[in-house]
Structures are given as C-alpha cells and as structure tokens.
file query_26.csv (CSV, C-alpha atoms)
chain,number,residue,atom,x,y,z
A,1,MET,CA,1.7,2.8,-12.8
A,2,ARG,CA,-0.4,4.3,-15.6
A,3,TYR,CA,-3.3,2.1,-14.6
A,4,LEU,CA,-3.1,3.5,-11.0
A,5,LEU,CA,-3.0,7.0,-12.3
A,6,SER,CA,-5.9,6.4,-14.6
A,7,MET,CA,-7.9,5.0,-11.7
A,8,VAL,CA,-7.2,8.0,-9.6
A,9,VAL,CA,-8.2,10.4,-12.4
A,10,VAL,CA,-11.4,8.5,-12.9
A,11,LEU,CA,-12.2,8.7,-9.2
A,12,PHE,CA,-11.4,12.5,-9.2
A,13,GLY,CA,-14.0,12.7,-12.0
A,14,LEU,CA,-16.6,10.7,-10.2
A,15,VAL,CA,-16.2,12.7,-7.0
A,16,ALA,CA,-16.2,16.0,-8.8
A,17,CYS,CA,-19.1,15.3,-11.1
A,18,THR,CA,-21.9,14.2,-8.9
A,19,GLU,CA,-24.3,16.1,-11.1
A,20,PRO,CA,-23.8,16.7,-14.8
A,21,THR,CA,-23.1,20.3,-15.6
A,22,THR,CA,-24.1,21.6,-19.0
A,23,GLN,CA,-23.6,25.3,-18.4
A,24,LEU,CA,-21.5,27.3,-16.0
A,25,PRO,CA,-23.0,30.1,-13.9
A,26,ASP,CA,-22.5,33.6,-15.3
A,27,ASN,CA,-19.9,34.3,-12.7
A,28,MET,CA,-17.6,31.5,-13.8
A,29,THR,CA,-15.3,31.0,-16.9
A,30,SER,CA,-14.2,27.6,-18.2
A,31,TYR,CA,-10.5,26.8,-18.9
A,32,SER,CA,-9.0,23.5,-20.2
A,33,TYR,CA,-5.4,22.3,-20.0
A,34,LYS,CA,-3.5,19.2,-21.1
A,35,THR,CA,-2.0,17.1,-18.4
A,36,ALA,CA,1.8,17.0,-18.1
A,37,ASP,CA,1.9,13.7,-19.9
A,38,GLY,CA,-0.3,15.0,-22.6
A,39,GLU,CA,-2.8,12.1,-22.3
A,40,ASP,CA,-5.7,13.9,-20.8
A,41,ILE,CA,-7.4,17.3,-21.0
A,42,ILE,CA,-8.8,18.7,-17.7
A,43,SER,CA,-11.4,21.4,-17.6
A,44,TYR,CA,-12.0,23.8,-14.8
A,45,GLY,CA,-14.6,26.4,-14.0
A,46,CYS,CA,-13.2,29.4,-12.1
A,47,VAL,CA,-15.1,32.2,-10.4
A,48,ASN,CA,-14.5,35.4,-12.4
A,49,GLY,CA,-12.0,37.8,-10.9
A,50,VAL,CA,-11.6,41.5,-11.3
A,51,THR,CA,-10.0,40.9,-14.7
A,52,ALA,CA,-10.0,38.0,-17.2
A,53,ALA,CA,-6.2,37.8,-16.8
A,54,ASP,CA,-6.7,37.4,-13.0
A,55,THR,CA,-9.2,34.6,-13.6
A,56,GLN,CA,-6.9,32.8,-16.1
A,57,LYS,CA,-3.9,33.1,-13.8
A,58,ARG,CA,-5.9,31.4,-11.1
A,59,SER,CA,-7.0,28.7,-13.5
A,60,VAL,CA,-3.4,27.9,-14.4
A,61,SER,CA,-2.5,27.7,-10.7
A,62,ALA,CA,-5.5,25.5,-10.0
A,63,HIS,CA,-4.3,23.1,-12.8
A,64,LYS,CA,-0.8,23.0,-11.4
A,65,TYR,CA,-2.2,22.3,-8.0
A,66,PHE,CA,-4.5,19.6,-9.3
A,67,GLU,CA,-1.7,17.8,-11.1
A,68,VAL,CA,0.7,17.9,-8.1
A,69,ARG,CA,-2.1,16.6,-5.8
A,70,THR,CA,-3.1,13.9,-8.2
A,71,LYS,CA,0.6,12.7,-8.4
A,72,ALA,CA,0.8,12.8,-4.6
A,73,THR,CA,-2.4,10.7,-4.4
A,74,VAL,CA,-0.9,8.1,-6.7
A,75,ASP,CA,2.4,8.1,-4.8
A,76,GLY,CA,0.6,7.7,-1.5
A,77,VAL,CA,-1.4,4.7,-2.7
A,78,VAL,CA,1.8,3.1,-4.0
A,79,LYS,CA,3.6,3.7,-0.7
A,80,THR,CA,0.6,2.2,1.2
A,81,VAL,CA,0.6,-0.9,-1.0
A,82,GLU,CA,4.4,-1.2,-0.6
A,83,ARG,CA,4.2,-0.9,3.2
A,84,ASN,CA,1.2,-3.2,3.5
A,85,PRO,CA,0.8,-5.6,0.5
A,86,ASN,CA,-2.4,-7.0,2.2
A,87,VAL,CA,-4.2,-3.7,2.2
A,88,SER,CA,-7.8,-4.1,1.1
A,89,GLN,CA,-9.2,-2.5,-2.0
A,90,SER,CA,-11.8,-0.7,0.2
A,91,GLN,CA,-8.9,0.8,2.3
A,92,ILE,CA,-7.2,2.0,-0.9
A,93,ASP,CA,-10.5,3.4,-2.2
A,94,ALA,CA,-11.1,5.3,1.1
A,95,GLN,CA,-7.6,6.7,1.0
A,96,ILE,CA,-8.1,7.9,-2.6
A,97,LYS,CA,-11.6,9.4,-1.8
A,98,ARG,CA,-10.1,11.4,1.1
A,99,ASP,CA,-7.3,12.7,-1.0
A,100,VAL,CA,-9.7,13.6,-3.9
A,101,GLU,CA,-12.1,15.4,-1.6
A,102,ALA,CA,-9.2,17.3,0.0
A,103,THR,CA,-7.8,18.2,-3.4
A,104,LEU,CA,-11.1,19.5,-4.7
A,105,GLU,CA,-11.9,21.5,-1.6
A,106,GLY,CA,-8.3,22.9,-1.5
A,107,MET,CA,-8.4,23.9,-5.1
A,108,PHE,CA,-11.6,25.9,-4.6
A,109,ASP,CA,-10.4,27.5,-1.4
A,110,ARG,CA,-7.1,28.6,-2.9
A,111,TYR,CA,-8.1,29.4,-6.5
A,112,GLN,CA,-11.9,29.5,-6.6
A,113,CYS,CA,-11.9,26.9,-9.3
A,114,VAL,CA,-13.8,23.6,-9.6
A,115,LEU,CA,-13.1,20.5,-11.7
A,116,LEU,CA,-15.5,20.2,-14.6
A,117,ASP,CA,-14.2,17.4,-16.8
A,118,ILE,CA,-11.4,15.0,-17.5
A,119,ARG,CA,-11.2,13.5,-21.0
A,120,ASP,CA,-8.7,11.9,-23.3
A,121,ALA,CA,-6.5,14.3,-25.3
call {"tool": "encode", "arguments": {"input": "query_26.csv", "output": "structure tokens"}}
result
Amino acid sequence: MRYLLSMVVVLFGLVACTEPTTQLPDNMTSYSYKTADGEDIISYGCVNGVTAADTQKRSVSAHKYFEVRTKATVDGVVKTVERNPNVSQSQIDAQIKRDVEATLEGMFDRYQCVLLDIRDA
C-alpha cells in the first residue's frame, strides 16, 4: 500500500511540476506541511488574501483537501484492481492522471493554491 501511495504522490508531483519554479510571483506565498503519516513535506503556493492569516488558513485547507484527495485516489486504484485484476497499467495510469488533474484544479478553484513540491520529511 505504501508503494501505491508513493506512486500516486510521484504522479501528483509530475503533473503539478511541468516547469520548474524557482520563485513565486509577488502575489503568492509559500507554505509547507508534513503529511499525516509524517513521511513527506508538501509545499503549496497560495494567492495572497486580504490578510496573511486568510492566506495561511486557505493553505491549511488546501493541504487537508490534497491529503483527502490523494487517499481517495489510492483507494480508487485499489478498488479498480480488486474489481478487475487484469486491468492494464495504462488504465491505472489514466485513472490516476484524471484524479491528479481534478485534484489540482479543484484545489486552485477552492483555495487559490497550487502544489509546488513534494519531498521526503
């Protein structure tokens, strides 16, 4: 299960980081949080709100949203494999890619935050 979670996290990183970002725009602030299992640190860039507290609150919500959606992606892949043991790797990859893109779009739409980085804690 940890392998599958790692694979999903790597795919999130690949989809999110199509271009390396070295500096955030002036209208964004970076925040980093440990994952619930404490094994990774995830960084987000969030559009600045009216106050710094507002921006940080949205970053916390974005992190929670990202963790819930990542777990849902892993659970969905496991269910797919359980229902159809002959599912191809390309079908699994397509399912993960759809979920990743929906998660990243949803995170920005809801919280005005983007995924910047996922690294070992």
call {"tool": "atom_distance", "arguments": {"input": "query_26.csv", "atom1": "atom CA of Ile118 of chain A", "atom2": "atom CA of Lys79 of chain A"}}
result
25.2 Å
call {"tool": "atom_distance", "arguments": {"input": "query_26.csv", "atom1": "atom CA of Thr70 of chain A", "atom2": "atom CA of Val50 of chain A"}}
result
29.0 Å
call {"tool": "closest_residue", "arguments": {"input": "query_26.csv", "among": "A:Lys97, A:Asn48, A:Ile41, A:Val68", "to": "Thr29 of chain A", "atoms": "all atoms listed in the file"}}
result
A:Asn48
call {"tool": "residues_around", "arguments": {"input": "query_26.csv", "residues": "Ile42 of chain A", "least_positions_apart": "4", "cutoff": "8 Å", "atoms": "all atoms listed in the file", "output": "PDB file with C-alpha atoms, keeping the file's coordinate frame"}}
result
ATOM      1  CA  SER A  32      -9.000  23.500 -20.200  1.00  0.00           C
ATOM      2  CA  TYR A  33      -5.400  22.300 -20.000  1.00  0.00           C
ATOM      3  CA  LYS A  34      -3.500  19.200 -21.100  1.00  0.00           C
ATOM      4  CA  THR A  35      -2.000  17.100 -18.400  1.00  0.00           C
ATOM      5  CA  HIS A  63      -4.300  23.100 -12.800  1.00  0.00           C
ATOM      6  CA  LEU A 115     -13.100  20.500 -11.700  1.00  0.00           C
ATOM      7  CA  LEU A 116     -15.500  20.200 -14.600  1.00  0.00           C
ATOM      8  CA  ASP A 117     -14.200  17.400 -16.800  1.00  0.00           C
ATOM      9  CA  ILE A 118     -11.400  15.000 -17.500  1.00  0.00           C
ATOM     10  CA  ARG A 119     -11.200  13.500 -21.000  1.00  0.00           C
TER      11      ARG A 119
END
call {"tool": "closest_residue", "arguments": {"input": "query_26.csv", "among": "A:Ala52, A:Cys46, A:Ala121, A:Met107", "to": "Tyr65 of chain A", "atoms": "only C-alpha atoms"}}
result
A:Met107
call {"tool": "residues_around", "arguments": {"input": "query_26.csv", "residues": "Ala62 of chain A", "least_positions_apart": "5", "cutoff": "9 Å", "atoms": "only C-alpha atoms", "output": "list of chain:residue names"}}
result
A:Tyr44, A:Cys46, A:Lys57, A:Glu67, A:Met107, A:Phe108, A:Arg110, A:Tyr111, A:Gln112, A:Cys113, A:Val114
call {"tool": "write_last_selection", "arguments": {"input": "query_26.csv", "atoms": "C-alpha atoms", "output": "PDB file, in the coordinates of the input"}}
result
ATOM      1  CA  TYR A  44     -12.000  23.800 -14.800  1.00  0.00           C
ATOM      2  CA  CYS A  46     -13.200  29.400 -12.100  1.00  0.00           C
ATOM      3  CA  LYS A  57      -3.900  33.100 -13.800  1.00  0.00           C
ATOM      4  CA  GLU A  67      -1.700  17.800 -11.100  1.00  0.00           C
ATOM      5  CA  MET A 107      -8.400  23.900  -5.100  1.00  0.00           C
ATOM      6  CA  PHE A 108     -11.600  25.900  -4.600  1.00  0.00           C
ATOM      7  CA  ARG A 110      -7.100  28.600  -2.900  1.00  0.00           C
ATOM      8  CA  TYR A 111      -8.100  29.400  -6.500  1.00  0.00           C
ATOM      9  CA  GLN A 112     -11.900  29.500  -6.600  1.00  0.00           C
ATOM     10  CA  CYS A 113     -11.900  26.900  -9.300  1.00  0.00           C
ATOM     11  CA  VAL A 114     -13.800  23.600  -9.600  1.00  0.00           C
TER      12      VAL A 114
END
call {"tool": "closest_residue", "arguments": {"input": "query_26.csv", "among": "A:Ala53, A:Gln91, A:Val78, A:Arg69", "to": "Glu105 of chain A", "atoms": "only C-alpha atoms"}}
result
A:Arg69
call {"tool": "residues_around", "arguments": {"input": "query_26.csv", "residues": "Ile92 of chain A", "least_positions_apart": "2", "cutoff": "10 Å", "atoms": "all atoms listed in the file", "output": "list in words"}}
result
Gly76, Val77, Val78, Thr80, Val81, Val87, Ser88, Gln89, Ser90, Ala94, Gln95, Ile96 and Lys97 of chain A
call {"tool": "closest_residue", "arguments": {"input": "query_26.csv", "among": "A:Gln56, A:Thr51, A:Asp109, A:Asp99", "to": "Ser30 of chain A", "atoms": "all atoms listed in the file"}}
result
A:Gln56
call {"tool": "closest_residue", "arguments": {"input": "query_26.csv", "among": "A:Asn84, A:Asn27, A:Gly106, A:Val100", "to": "Thr55 of chain A", "atoms": "all atoms listed in the file"}}
result
A:Asn27
call {"tool": "atom_distance", "arguments": {"input": "query_26.csv", "atom1": "atom CA of Leu24 of chain A", "atom2": "atom CA of Glu39 of chain A"}}
result
24.9 Å
